[in-house]
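S.K.: A single structure is presented below for examination.
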Amino acid sequence: MSQNKSATAYDLECQNINKDFDGFKAVDDVSFGVPAGTFFSILGPSGCGKTTLLRMIAGFQEPSSGDLLIKGKSMIGVQPNKRPVSMVFQHLALFPMMDIAANVGFGLRQRGVPREDIAKRVETVLERVGLPGVGSRQINQLSGGQKQRVAIARCMVLEPDVLLLDEPLGALDLKLREHMKIELKKLQSEFGTTFVYITHDQSEALVMSDQIAVMNHGKFEQVGTARELYHTPNTAFVAGFVGEANKYEATVDAAFGDAVTLVTPEGMELKGISPVSKLEKGDKAHVFVRPEAVRLATEADKFGGIENLNTGIVENILFNGANSHIILREEKSGGEMNVAIPQTGEFRDLNKGDKIFIGWEAEQTRCYRAEG
Amino acid sequence: MIATIPQSKAFAWTYRIYVTLFFIYLALPLTVVCAFAFNDSVFPSLPWDGFTWAWFFGNEAPYIGVFNERPIIKSIGTSLFVAFWVSLLSIAVGTSNAFLFVRYDFKFKEFLYILMLLPLIIPGIILGISILVFSNTVANNLEDATGLWFDGLRPGLPLVILGQFSFIATFATLVISARLEKFDRSLEEAALNLGATKWGAIRQITLPFLMPAIAGAAVVAILMSFENFNTTLMLVGSDAPLTITMFDRLKQGSTPVLNAVSLLLIVVSALLGLMSLLFQKREQN
Amino acid sequence: MTQAQSRLGLYLLMAPLMLWLLLLIIIPHIGMFLVSISVKTGVRQYVTGFGNYMVFFTEPLYWNTFARTAFMSIAATFLTLLIGFPVAYYIAKLTRGRTKTTLFLMCLIPFWVSELVRTFGWMILLRETGIFSSFLQYIGVHSGPVEFLYNDAAIMIGLVYTSMLFMVVPLVTTLDSLDDSLIEAGYDLGGNGISILREIIIPHAMPGIVSGCIVVFMLSLGNYLTPILLGGKDSLWFTGLIYSQFITRFNWELGSAFGFLLLGLSSTIVWVGLKLSRQSLTDTVGR
């Protein structure tokens, strides 16, 4: 029954996938489904098991247990060359011994497609990735961005059910990476193919994906859209890993439902909410406040009835254009806080040593139970 | 085909068996050579007549061991003498060539480099006869002109040394150049900047950096010289190096004393070989 | 000052190279060529001409030996490649760390030992009173001694054995440099073992294959020990002819001509090999 449902709903489905390496659990009971035509990212720090997961989908590693379905068909025991998935490798793995047309046509040749057809389809797919007429060039004559597109074309020409991408932007310089993010997203919506993308770079995942799974220690911490992960993280790890945040270790002073009051070891008082864990007085908690959630003011009464209100001394200004921050030290407790400078020009003249009021809502102060 | 691609069990096993057979093929001749050095029989063949050290230490005919066999001991000495000079000449010229090809740009550099590689693709026996013919012509002319004898130009150890050097120098050049190319020239510049003279910088900075390669090249040169046969065969005079002596013995019919010599050779070569690898390893660090 | 110093340095470094190349390589070969085109007419009397080369072409024994040497060397090269490639691939791609080093060392050790010792080993194994013969008698397959020595197969075994290292080492080096992800990409795009071998692995290994083949071919062509000891007196190997002209018959003129023919053959094959694979001598042997 559920088998049938998944066959229609998902291009790729993993059911309780496990992978052990000599007692080390690289992937720990992971289940998820990727709906057809979506851009799905797996985001996690290096060593979290995302590469292992991707390589299991491609067929270069077998799961220790669990099932892996593509378009509803189990892939367990299916050789990598027989799976309807294609992979863009981390360093692209373009064949240096072949020209571009031969690279893109490689998969079609393996399928025994007639030669004229191959030439036609190769040219079409190269046009679609914006590289018409480059077929006779050698790999080393291409720029980094062009190589990316050839690598994608080489997979897309096979019309795979799922395209796997293994951090392909990692080797590019920053500017090109920004550009390729948009490019990749555009290519995905043009082709309409399901993309599964793994990365440790949150901005890549946030910008491109329809759905993101945050992975840590072999487990999925949370699956959701970029906004959900950013604004309503379910775990301390997600709150800390996705986006920037001021992080505090604090002890719960009082709790009413999910509203909590906490105190940091330095004595700073925080009012927040604990959306997932039920906290009680005396519990230790991780507290996260995003730099852009903190408002600045020169007078205290500008905030109205905001829950958290403090004064801070400007300790450092990190000017970075639209992404400028100040480092404050809270006056009473000496706790440090990183605050984004609003781009209204109001605080343009802020200087080191200035005293300023800071305020933020309890809603923006997310608390999670600290383990152990 | 690689570890991450699933492979059928049958294929994996066939492959493993093939590789095992290959290594048996590699080890077999050397193993039998070593084993029969200890056979208590005057022929290195089956049946096995029991274990003996006589082919190493024996001094009663027919059991004359290696260490009591004058001609063999003498030819080992000859081989060592030749190897020493070949090795010394090769690393000296090799180091000089390395500096020349890595540090300088000059006319016909490419051409000279290819010329330098040629000894590798000239069959050893031809290197031998060409040097033989040339030195003989020179000797004849000199003797006709001066009436003196020029023994050094007739077949003998000097010619053997030159003949072996003529191609071993290429190996030394390649090994040392490869190392010199990895040298960061700013180290030398730093030394100059700190007041060293040009030669001082090379002696204190560059040469120590090259040392593992030079030592490795020296060991390889000794090995190659020791086992060289083709070139030596054409140039040898009355003092025969070990390979030539053994060859003559082999043609007459072998006794286990040859196995004993071979065993010693195997041990020494393996040690020298491992030594050259150690130098290579030092290079990487 | 520095300019002049650098000039001086250049000449000083150039001197040993030029002495070596001129005195030991170039002039001797020119000299040998001159000797090969002098035809003896009397005691210490010569005229210039191609008489020695004519002798080679008119005497079928010389000619056949030459062709046979070339053919057997090509066969030995091909066999060495065929046998060595899977082993090199195994070492380069299917083993790691310790095992890899050990297997590689096991390939190297036999070749640090003199060729004479290796050939001697094969003689002990193959001759009439040798191990194989005794073994066959022992298990009762054969009643009398069997001679495995002194035939072409024995020469072939010896040549392949002697050259194996020079094939395996360059192959391991080039295959090692092949990124595993290229093979994975080949599979991912639907390739199978054979198509990946043909389209990815062999093209990548081509420099190693060419340099291995060139060296093995040259070593076989110029080999003297193995054909004489394993093939016997009538092994008909061209280096044997050269040796007998020089040392036993003392006919240096004909010997030099033979030497030049051998050199010509080996250079031609090396050149053709490089052209066919579009490689240069510097990339193949000068590593």
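By order in the structure tokens, chains are A, B, ...; within a chain, residues start at 1; ligands start at 1, following the order shown.
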Find the residues around Leu53 of chain A up to 10 Å (only C-alpha atoms counted), leave out those fewer than 4 positions away in its own chain, and share them as a PyMOL selection string.

M.R.: chain A and resi 14+17-19+26-28+30+42+48-49+57-63+198+218

S.K.: Determine which residues of chain A sit within 7 Å of chain C, taking into account only C-alpha atoms, and present them as a list in words.

M.R.: Pro80, Asn81, Lys82, Ser86, Met87, Ala93, Leu94, Phe95, Met97, Gly107 and Gln110 of chain A

S.K.: Name the residues of segment 37-254 of chain B that come out as helix (DSSP H, G or I) in a backbone DSSP run; write them as a ChimeraX atom specification.

M.R.: /B:37-38,54-57,66-68,70-103,109-120,124-146,151-153,157-181,185-193,198-227,230-235,242-252

S.K.: Keeping C-alpha atoms, export the residues of the selection given above as a compact mmCIF listing (two decimals), in the first residue's frame.

M.R.:
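Generated output (selection-v4.txt):
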# COMPACT_ATOMS: atom_id res chain seq x y z
CA ALA B 37 72.78 -23.19 -2.56
CA PHE B 38 72.23 -25.49 0.41
CA ALA B 54 79.68 -26.34 2.26
CA TRP B 55 78.98 -24.17 -0.79
CA PHE B 56 79.70 -21.14 1.33
CA PHE B 57 82.49 -22.24 3.65
CA VAL B 66 82.38 -19.17 -2.24
CA PHE B 67 84.54 -17.74 0.49
CA ASN B 68 87.39 -20.06 -0.42
CA ARG B 70 89.79 -17.33 -5.25
CA PRO B 71 88.54 -16.37 -8.76
CA ILE B 72 85.07 -15.52 -7.48
CA ILE B 73 86.30 -13.47 -4.54
CA LYS B 74 88.62 -11.66 -6.90
CA SER B 75 85.86 -10.90 -9.40
CA ILE B 76 83.64 -9.58 -6.63
CA GLY B 77 86.47 -7.20 -5.80
CA THR B 78 86.70 -6.20 -9.45
CA SER B 79 82.96 -5.59 -9.59
CA LEU B 80 83.12 -3.42 -6.48
CA PHE B 81 86.00 -1.43 -7.94
CA VAL B 82 84.09 -0.84 -11.18
CA ALA B 83 80.84 -0.05 -9.38
CA PHE B 84 82.57 2.48 -7.15
CA TRP B 85 84.03 4.46 -10.01
CA VAL B 86 80.92 4.24 -12.18
CA SER B 87 78.81 5.46 -9.31
CA LEU B 88 81.16 8.30 -8.46
CA LEU B 89 81.46 9.48 -12.07
CA SER B 90 77.73 9.18 -12.65
CA ILE B 91 76.63 11.24 -9.68
CA ALA B 92 79.28 13.88 -10.39
CA VAL B 93 78.24 14.28 -14.01
CA GLY B 94 74.58 13.76 -13.13
CA THR B 95 74.62 16.59 -10.58
CA SER B 96 76.37 18.90 -13.00
CA ASN B 97 73.86 18.01 -15.73
CA ALA B 98 70.94 18.56 -13.37
CA PHE B 99 72.10 22.12 -12.62
CA LEU B 100 72.69 22.70 -16.31
CA PHE B 101 69.26 21.52 -17.47
CA VAL B 102 67.21 22.86 -14.57
CA ARG B 103 68.91 26.20 -14.00
CA LYS B 109 68.87 22.78 -24.80
CA GLU B 110 66.06 20.59 -26.07
CA PHE B 111 68.36 18.90 -28.51
CA LEU B 112 71.02 18.22 -25.90
CA TYR B 113 68.41 16.89 -23.53
CA ILE B 114 67.20 14.38 -26.08
CA LEU B 115 70.81 13.48 -26.85
CA MET B 116 71.31 12.92 -23.13
CA LEU B 117 68.36 10.49 -23.10
CA LEU B 118 69.65 8.48 -26.06
CA PRO B 119 71.87 6.09 -24.07
CA LEU B 120 68.65 4.71 -22.61
CA GLY B 124 73.87 -2.00 -24.26
CA ILE B 125 75.82 -4.28 -26.54
CA ILE B 126 76.03 -1.53 -29.16
CA LEU B 127 77.23 1.00 -26.62
CA GLY B 128 79.90 -1.57 -25.83
CA ILE B 129 81.08 -2.22 -29.37
CA SER B 130 81.03 1.44 -30.41
CA ILE B 131 83.27 2.36 -27.48
CA LEU B 132 85.45 -0.66 -28.21
CA VAL B 133 85.87 0.32 -31.86
CA PHE B 134 86.54 3.96 -31.04
CA SER B 135 89.04 3.40 -28.26
CA ASN B 136 90.79 0.81 -30.36
CA THR B 137 91.12 3.21 -33.29
CA VAL B 138 92.46 5.91 -31.00
CA ALA B 139 94.90 3.46 -29.41
CA ASN B 140 96.14 2.23 -32.79
CA ASN B 141 96.69 5.75 -34.06
CA LEU B 142 98.41 6.87 -30.89
CA GLU B 143 100.63 3.83 -30.86
CA ASP B 144 101.53 4.27 -34.51
CA ALA B 145 102.35 7.91 -33.89
CA THR B 146 104.23 7.62 -30.61
CA ASP B 151 96.77 -0.15 -22.30
CA GLY B 152 93.98 1.99 -20.87
CA LEU B 153 92.38 2.15 -24.29
CA LEU B 157 88.59 -2.11 -16.50
CA PRO B 158 88.93 1.56 -17.57
CA LEU B 159 86.85 0.84 -20.65
CA VAL B 160 84.34 -1.18 -18.64
CA ILE B 161 83.95 1.76 -16.27
CA LEU B 162 83.49 4.23 -19.13
CA GLY B 163 81.08 1.92 -20.94
CA GLN B 164 78.84 1.48 -17.91
CA PHE B 165 79.10 5.14 -17.05
CA SER B 166 77.96 6.09 -20.56
CA PHE B 167 74.39 5.05 -19.84
CA ILE B 168 74.19 5.05 -16.03
CA ALA B 169 74.97 8.78 -16.12
CA THR B 170 71.61 9.30 -17.81
CA PHE B 171 69.77 7.67 -14.91
CA ALA B 172 71.70 9.74 -12.41
CA THR B 173 70.89 12.91 -14.36
CA LEU B 174 67.18 12.12 -14.43
CA VAL B 175 66.97 11.28 -10.72
CA ILE B 176 68.92 14.32 -9.57
CA SER B 177 67.18 16.72 -11.99
CA ALA B 178 63.79 15.60 -10.75
CA ARG B 179 64.82 16.51 -7.23
CA LEU B 180 66.40 19.80 -8.20
CA GLU B 181 63.22 20.83 -10.01
CA ARG B 185 64.78 28.74 -5.30
CA SER B 186 63.69 31.32 -2.78
CA LEU B 187 65.60 29.27 -0.18
CA GLU B 188 68.80 29.98 -2.06
CA GLU B 189 67.82 33.61 -2.46
CA ALA B 190 67.19 33.82 1.26
CA ALA B 191 70.70 32.49 1.90
CA LEU B 192 72.18 35.06 -0.47
CA ASN B 193 70.09 37.71 1.22
CA LYS B 198 76.66 31.99 -4.39
CA TRP B 199 78.74 28.84 -3.99
CA GLY B 200 78.13 28.93 -0.24
CA ALA B 201 74.39 28.99 -0.79
CA ILE B 202 74.57 26.02 -3.15
CA ARG B 203 76.85 24.09 -0.82
CA GLN B 204 74.88 24.78 2.36
CA ILE B 205 71.34 24.85 1.04
CA THR B 206 70.93 23.25 -2.36
CA LEU B 207 73.30 20.31 -2.11
CA PRO B 208 71.92 19.12 1.24
CA PHE B 209 68.47 19.30 -0.33
CA LEU B 210 69.71 17.19 -3.25
CA MET B 211 71.49 14.71 -0.99
CA PRO B 212 68.77 12.03 -0.84
CA ALA B 213 68.55 12.03 -4.62
CA ILE B 214 72.31 11.91 -5.02
CA ALA B 215 72.63 9.09 -2.53
CA GLY B 216 69.73 7.25 -4.18
CA ALA B 217 71.33 7.70 -7.60
CA ALA B 218 74.64 6.42 -6.24
CA VAL B 219 73.02 3.27 -4.88
CA VAL B 220 71.11 2.66 -8.11
CA ALA B 221 74.32 3.22 -10.08
CA ILE B 222 76.12 0.62 -7.95
CA LEU B 223 73.28 -1.84 -8.50
CA MET B 224 73.19 -1.26 -12.24
CA SER B 225 76.93 -1.48 -12.55
CA PHE B 226 77.08 -4.67 -10.51
CA GLU B 227 74.55 -6.46 -12.64
CA ASN B 230 75.91 -6.59 -22.14
CA THR B 231 78.15 -3.53 -22.23
CA THR B 232 80.73 -5.13 -19.96
CA LEU B 233 80.92 -8.25 -22.11
CA MET B 234 82.23 -6.27 -25.07
CA LEU B 235 84.77 -4.24 -23.12
CA LEU B 242 81.47 -11.03 -11.23
CA THR B 243 78.74 -11.30 -13.87
CA ILE B 244 81.28 -12.21 -16.55
CA THR B 245 82.97 -14.80 -14.33
CA MET B 246 79.64 -16.35 -13.49
CA PHE B 247 78.63 -16.40 -17.14
CA ASP B 248 81.79 -18.28 -18.09
CA ARG B 249 81.17 -20.76 -15.28
CA LEU B 250 77.57 -21.24 -16.31
CA LYS B 251 78.56 -22.07 -19.87
CA GLN B 252 80.90 -24.76 -18.54

S.K.: Please, which residues in chain C fall within 6 Å of chain B when counting only C-alpha atoms, and what is the closest atom pair and distance in Å to one decimal for each, ordered by chain then residue number, as CSV?

M.R.:
residue,atom,partner,partner_atom,distance
C:Leu13,CA,B:Ser96,CA,5.5
C:Pro28,CA,B:Ser130,CA,4.9
C:His29,CA,B:Ser130,CA,5.5
C:Gly31,CA,B:Phe134,CA,5.8
C:Met32,CA,B:Ser130,CA,5.4
C:Val87,CA,B:Val19,CA,5.9
C:Leu94,CA,B:Ile2,CA,5.8
C:Ile109,CA,B:Ala270,CA,6.0
C:Trp112,CA,B:Ser269,CA,5.6
C:Val113,CA,B:Ile266,CA,5.5
C:Ser114,CA,B:Glu227,CA,4.5
C:Val117,CA,B:Ser262,CA,5.9
C:Gly121,CA,B:Pro29,CA,4.1
C:Trp122,CA,B:Pro29,CA,5.5
C:Gly130,CA,B:Ser45,CA,5.7
C:Gly222,CA,B:Pro123,CA,4.9
C:Gly259,CA,B:Ile126,CA,5.9

S.K.: For those residues, write all heavy atoms to a file as a tab-separated table (two decimals), in the first residue's frame.

M.R.:
chain	number	residue	atom	x	y	z
C	13	LEU	N	79.44	23.85	-16.47
C	13	LEU	CA	78.47	22.76	-16.33
C	13	LEU	C	78.30	22.00	-17.64
C	13	LEU	O	77.98	20.82	-17.67
C	13	LEU	CB	77.12	23.30	-15.88
C	13	LEU	CG	77.06	23.81	-14.45
C	13	LEU	CD1	75.71	24.46	-14.18
C	13	LEU	CD2	77.29	22.68	-13.47
C	28	PRO	N	82.01	7.69	-30.84
C	28	PRO	CA	82.08	6.24	-31.02
C	28	PRO	C	81.09	5.71	-32.05
C	28	PRO	O	81.42	4.82	-32.83
C	28	PRO	CB	81.76	5.69	-29.63
C	28	PRO	CG	82.22	6.75	-28.71
C	28	PRO	CD	81.94	8.05	-29.41
C	29	HIS	N	79.88	6.30	-32.07
C	29	HIS	CA	78.91	5.80	-33.05
C	29	HIS	C	79.29	6.20	-34.46
C	29	HIS	O	79.13	5.41	-35.39
C	29	HIS	CB	77.49	6.25	-32.68
C	29	HIS	CG	76.89	5.41	-31.60
C	29	HIS	ND1	77.12	5.65	-30.27
C	29	HIS	CD2	76.14	4.28	-31.66
C	29	HIS	CE1	76.50	4.72	-29.54
C	29	HIS	NE2	75.91	3.88	-30.37
C	31	GLY	N	82.33	6.68	-35.39
C	31	GLY	CA	83.46	5.79	-35.67
C	31	GLY	C	83.00	4.41	-36.09
C	31	GLY	O	83.51	3.83	-37.05
C	32	MET	N	82.00	3.92	-35.35
C	32	MET	CA	81.51	2.58	-35.67
C	32	MET	C	80.89	2.57	-37.07
C	32	MET	O	81.07	1.61	-37.83
C	32	MET	CB	80.46	2.17	-34.63
C	32	MET	CG	80.05	0.73	-34.75
C	32	MET	SD	78.98	0.25	-33.39
C	32	MET	CE	77.42	0.79	-33.96
C	87	VAL	N	48.13	-7.13	-13.60
C	87	VAL	CA	48.82	-7.08	-12.31
C	87	VAL	C	49.03	-5.63	-11.90
C	87	VAL	O	48.77	-5.24	-10.75
C	87	VAL	CB	50.15	-7.83	-12.38
C	87	VAL	CG1	50.91	-7.70	-11.07
C	87	VAL	CG2	49.92	-9.29	-12.71
C	94	LEU	N	43.35	-1.77	-6.92
C	94	LEU	CA	42.58	-2.64	-6.03
C	94	LEU	C	43.26	-2.87	-4.69
C	94	LEU	O	42.75	-3.60	-3.85
C	94	LEU	CB	42.29	-3.97	-6.72
C	94	LEU	CG	41.35	-3.83	-7.92
C	94	LEU	CD1	41.26	-5.12	-8.70
C	94	LEU	CD2	39.96	-3.41	-7.47
C	109	ILE	N	61.86	-6.43	-6.24
C	109	ILE	CA	63.02	-7.17	-5.74
C	109	ILE	C	63.69	-8.06	-6.80
C	109	ILE	O	64.90	-7.99	-6.98
C	109	ILE	CB	62.66	-7.97	-4.47
C	109	ILE	CG1	62.48	-6.98	-3.32
C	109	ILE	CG2	63.74	-8.98	-4.11
C	109	ILE	CD1	61.96	-7.60	-2.05
C	112	TRP	N	66.21	-6.18	-8.97
C	112	TRP	CA	67.45	-5.61	-8.44
C	112	TRP	C	68.55	-6.64	-8.56
C	112	TRP	O	69.73	-6.33	-8.48
C	112	TRP	CB	67.26	-5.23	-6.98
C	112	TRP	CG	66.38	-4.05	-6.80
C	112	TRP	CD1	66.19	-3.04	-7.70
C	112	TRP	CD2	65.57	-3.73	-5.67
C	112	TRP	NE1	65.31	-2.13	-7.20
C	112	TRP	CE2	64.92	-2.52	-5.95
C	112	TRP	CE3	65.34	-4.34	-4.45
C	112	TRP	CZ2	64.06	-1.91	-5.06
C	112	TRP	CZ3	64.48	-3.73	-3.56
C	112	TRP	CH2	63.84	-2.52	-3.86
C	113	VAL	N	68.16	-7.89	-8.74
C	113	VAL	CA	69.13	-8.97	-8.83
C	113	VAL	C	69.61	-9.08	-10.27
C	113	VAL	O	68.87	-8.81	-11.20
C	113	VAL	CB	68.45	-10.27	-8.39
C	113	VAL	CG1	69.41	-11.42	-8.46
C	113	VAL	CG2	67.89	-10.12	-6.99
C	114	SER	N	70.87	-9.46	-10.42
C	114	SER	CA	71.44	-9.56	-11.75
C	114	SER	C	70.62	-10.46	-12.67
C	114	SER	O	70.08	-11.48	-12.24
C	114	SER	CB	72.85	-10.11	-11.62
C	114	SER	OG	73.32	-10.49	-12.88
C	117	VAL	N	71.51	-14.07	-12.58
C	117	VAL	CA	70.96	-14.91	-11.53
C	117	VAL	C	69.55	-15.36	-11.89
C	117	VAL	O	69.18	-16.52	-11.72
C	117	VAL	CB	70.96	-14.15	-10.18
C	117	VAL	CG1	70.28	-14.97	-9.11
C	117	VAL	CG2	72.37	-13.79	-9.78
C	121	GLY	N	68.26	-19.17	-12.56
C	121	GLY	CA	67.08	-19.75	-11.92
C	121	GLY	C	66.20	-20.49	-12.92
C	121	GLY	O	65.78	-21.63	-12.68
C	122	TRP	N	65.97	-19.86	-14.04
C	122	TRP	CA	65.15	-20.53	-15.07
C	122	TRP	C	65.86	-21.76	-15.61
C	122	TRP	O	65.21	-22.77	-15.93
C	122	TRP	CB	64.80	-19.57	-16.20
C	122	TRP	CG	63.67	-18.67	-15.81
C	122	TRP	CD1	63.73	-17.34	-15.56
C	122	TRP	CD2	62.32	-19.07	-15.55
C	122	TRP	NE1	62.51	-16.88	-15.17
C	122	TRP	CE2	61.62	-17.93	-15.16
C	122	TRP	CE3	61.64	-20.29	-15.60
C	122	TRP	CZ2	60.27	-17.94	-14.84
C	122	TRP	CZ3	60.29	-20.32	-15.28
C	122	TRP	CH2	59.62	-19.14	-14.90
C	130	GLY	N	66.24	-30.59	-14.49
C	130	GLY	CA	65.71	-29.51	-13.66
C	130	GLY	C	64.47	-29.89	-12.87
C	130	GLY	O	64.03	-31.04	-12.86
C	222	GLY	N	68.08	-6.12	-27.52
C	222	GLY	CA	69.51	-6.03	-27.20
C	222	GLY	C	69.96	-7.09	-26.21
C	222	GLY	O	71.10	-7.08	-25.76
C	259	GLY	N	75.84	-4.09	-35.93
C	259	GLY	CA	75.48	-3.20	-34.82
C	259	GLY	C	74.61	-2.06	-35.30
C	259	GLY	O	73.60	-1.73	-34.68

S.K.: Any idea what the distance is between atom CA of Glu183 of chain A and atom CA of Leu142 of chain A?

M.R.: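 Going from atom CA of Glu183 of chain A over to atom CA of Leu142 of chain A, I get 16.8 Å.
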
S.K.: Enter the distance from atom CA of Val263 of chain A to atom CA of Ala236 of chain A, in Å, rounded to one decimal.

M.R.: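 These atoms are spaced 17.6 Å apart.
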
S.K.: For segment 300-314 of chain A, find every residue with an atom within 12 Å (counting only C-alpha atoms), except residues of its own chain fewer than 4 positions away, and show them as a PyMOL selection string.

M.R.: chain A and resi 259-262+268-273+289+293-296+318+325-339+341+347+349-365

S.K.: Within 12 Å of His179 of chain A, counting only C-alpha atoms, which residues qualify if same-chain residues fewer than 4 places away don't, as a ChimeraX atom specification?

M.R.: /A:144-146,148,169,172-175,183-186,204,207-208

S.K.: Please dump the current selection as an mmCIF file, in the first residue's frame; keep N, CA, C and O atoms.

M.R.:
data_model
loop_
_atom_site.group_PDB
_atom_site.id
_atom_site.type_symbol
_atom_site.label_atom_id
_atom_site.label_comp_id
_atom_site.auth_asym_id
_atom_site.auth_seq_id
_atom_site.Cartn_x
_atom_site.Cartn_y
_atom_site.Cartn_z
ATOM 1 N N GLY A 144 36.069 27.080 -15.485
ATOM 2 C CA GLY A 144 35.471 26.296 -14.403
ATOM 3 C C GLY A 144 33.962 26.191 -14.526
ATOM 4 O O GLY A 144 33.380 25.109 -14.378
ATOM 5 N N GLY A 145 33.314 27.304 -14.823
ATOM 6 C CA GLY A 145 31.859 27.302 -14.931
ATOM 7 C C GLY A 145 31.375 26.477 -16.116
ATOM 8 O O GLY A 145 30.368 25.772 -16.031
ATOM 9 N N GLN A 146 32.132 26.559 -17.225
ATOM 10 C CA GLN A 146 31.750 25.779 -18.400
ATOM 11 C C GLN A 146 31.879 24.287 -18.147
ATOM 12 O O GLN A 146 31.054 23.487 -18.582
ATOM 13 N N GLN A 148 31.430 22.818 -15.311
ATOM 14 C CA GLN A 148 30.245 22.444 -14.539
ATOM 15 C C GLN A 148 29.091 22.111 -15.464
ATOM 16 O O GLN A 148 28.397 21.114 -15.300
ATOM 17 N N LEU A 169 30.217 22.683 -6.615
ATOM 18 C CA LEU A 169 30.675 24.073 -6.662
ATOM 19 C C LEU A 169 31.874 24.317 -5.758
ATOM 20 O O LEU A 169 32.443 25.398 -5.763
ATOM 21 N N LEU A 172 35.105 25.956 -7.083
ATOM 22 C CA LEU A 172 35.066 27.249 -7.792
ATOM 23 C C LEU A 172 35.401 28.407 -6.855
ATOM 24 O O LEU A 172 35.231 28.308 -5.646
ATOM 25 N N ASP A 173 35.842 29.522 -7.445
ATOM 26 C CA ASP A 173 36.082 30.682 -6.585
ATOM 27 C C ASP A 173 34.743 31.342 -6.245
ATOM 28 O O ASP A 173 33.710 31.064 -6.848
ATOM 29 N N LEU A 174 34.785 32.231 -5.255
ATOM 30 C CA LEU A 174 33.567 32.737 -4.633
ATOM 31 C C LEU A 174 32.594 33.358 -5.635
ATOM 32 O O LEU A 174 31.410 33.035 -5.672
ATOM 33 N N LYS A 175 33.095 34.246 -6.498
ATOM 34 C CA LYS A 175 32.229 34.954 -7.452
ATOM 35 C C LYS A 175 31.498 33.972 -8.350
ATOM 36 O O LYS A 175 30.289 34.042 -8.549
ATOM 37 N N GLU A 183 22.557 29.721 -11.683
ATOM 38 C CA GLU A 183 22.573 28.943 -12.913
ATOM 39 C C GLU A 183 22.009 27.535 -12.697
ATOM 40 O O GLU A 183 21.177 27.048 -13.457
ATOM 41 N N LEU A 184 22.472 26.895 -11.627
ATOM 42 C CA LEU A 184 22.039 25.530 -11.336
ATOM 43 C C LEU A 184 20.541 25.472 -11.084
ATOM 44 O O LEU A 184 19.843 24.599 -11.586
ATOM 45 N N LYS A 185 20.065 26.432 -10.314
ATOM 46 C CA LYS A 185 18.635 26.481 -9.989
ATOM 47 C C LYS A 185 17.832 26.638 -11.282
ATOM 48 O O LYS A 185 16.808 25.983 -11.475
ATOM 49 N N LYS A 186 18.357 27.494 -12.182
ATOM 50 C CA LYS A 186 17.660 27.744 -13.445
ATOM 51 C C LYS A 186 17.635 26.468 -14.291
ATOM 52 O O LYS A 186 16.598 26.090 -14.845
ATOM 53 N N GLU A 204 24.525 27.764 -0.335
ATOM 54 C CA GLU A 204 24.171 27.016 -1.540
ATOM 55 C C GLU A 204 22.823 26.330 -1.345
ATOM 56 O O GLU A 204 21.933 26.417 -2.191
ATOM 57 N N VAL A 207 19.771 28.921 -1.031
ATOM 58 C CA VAL A 207 19.403 29.633 -2.250
ATOM 59 C C VAL A 207 18.706 28.708 -3.248
ATOM 60 O O VAL A 207 17.714 29.075 -3.853
ATOM 61 N N MET A 208 19.232 27.498 -3.416
ATOM 62 C CA MET A 208 18.774 26.692 -4.537
ATOM 63 C C MET A 208 17.606 25.772 -4.245
ATOM 64 O O MET A 208 16.841 25.439 -5.129
#

S.K.: Fewer than 6 positions away in the same chain doesn't count, so skip those; otherwise give me all residues within 12 Å of Ser134 of chain C, counting only C-alpha atoms, as a list in words.

M.R.: Ser45, Leu46, Pro47 and Trp48 of chain B; Ile124, Leu125, Leu126, Arg127, Glu128, Gly140, Val141, His142, Ser143, Gly144, Pro145, Val146, Glu147 and Phe148 of chain C

S.K.: So how many Å separate atom CA of Gly37 of chain A and atom CA of Thr193 of chain A, to one decimal?

M.R.: 5.0 Å

S.K.: Measuring atom to atom with only C-alpha atoms, identify which of A:Ala9, A:Leu69, A:Ala370, A:Ile212 is nearest to Phe237 of chain A.

M.R.: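 Counting only C-alpha atoms, the residue closest to Phe237 of chain A is A:Ala370.
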